[in-house]
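Asks: Okay, here's the structure, questions in a sec.
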Amino acid sequence: MKKFLSILFVILLGGCGYQLAGKKTHLPPGVSSVAIPVLVNKTLEPGIEIPFTRAFLREFIQDGRIKVVDRREADAIIEGIIKSFYILSVSYDKSGYALEYQTVVIMDITLKKRDGEILWQEKDLLERAWYRTSPSVIATEDNKNNAIQQIAQSLAERIRNRVFYNF
């Protein structure tokens, strides 16, 4: 009976339009692996390239449709330049102290073959996140770092979608 119910469940899922995620990508033929070197930081924010590089690596490794390998072995390379990072105060208390900040990052991303041929390029990608201040400098800095990680994750998802769906 359990076997029958399992088969019936699979048939019903198929009939409802559900399908398992496959390995399909819209990459050009011959591109089955990618390298993601450390992104270039052209800002004055020290170390901002680290959470961005980690987010990109995590996004592509977890997706699993393309192998993430060393640059020497890769069919293609995703290179990124973090061009701008700035923080704007967006709300204040009665005394004029900032309560909330908006964090903005602008970057360029290029996907190119190992031989240097550019497959696509996105310039001036902009992403922003907001964070609250705290009486504790450590908590405020932690909120800022969380906002940076949120931006990095959002941009990594956008680039992954661009690679796999909108090529």
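Chain lettering (A, B, ...) mirrors the order of the structure tokens, residue numbering begins at 1 for each chain separately, and ligand numbering begins at 1 in order of display.
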Tell me which protein, DNA and RNA residues are within 6 Å of range 28-40 of chain A, counting only C-alpha atoms, leaving out same-chain ones fewer than 3 positions away, and put them as a VMD selection string.

Replies: chain A and resid 49 53 66 to 71 74 to 78 80 to 81

Asks: I'd like to know which residues of range 4-166 of chain A are alpha helix (DSSP H) (by DSSP, run on the backbone); could you write them as a ChimeraX atom specification?

Replies: /A:4-15,49-63,137-164

Asks: With only C-alpha atoms as the basis for distance, which of A:Gln121, A:Ser89, A:Ser136, A:Ser84 is at the shortest distance from Lys42 in chain A?

Replies: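 Looking at the shortest contact to Lys42 in chain A, the residue is A:Ser84.
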
Asks: Going by DSSP on the backbone, which residues of chain A come out as strand (DSSP E or B)? List them as a VMD selection string.

Replies: chain A and resid 33 to 35 40 to 41 67 to 68 76 to 92 98 to 113 118 to 132

Asks: When you draw a straight line from CA of Leu99 in chain A to CA of Pro135 in chain A, how long is it in Å?

Replies: 9.8 Å
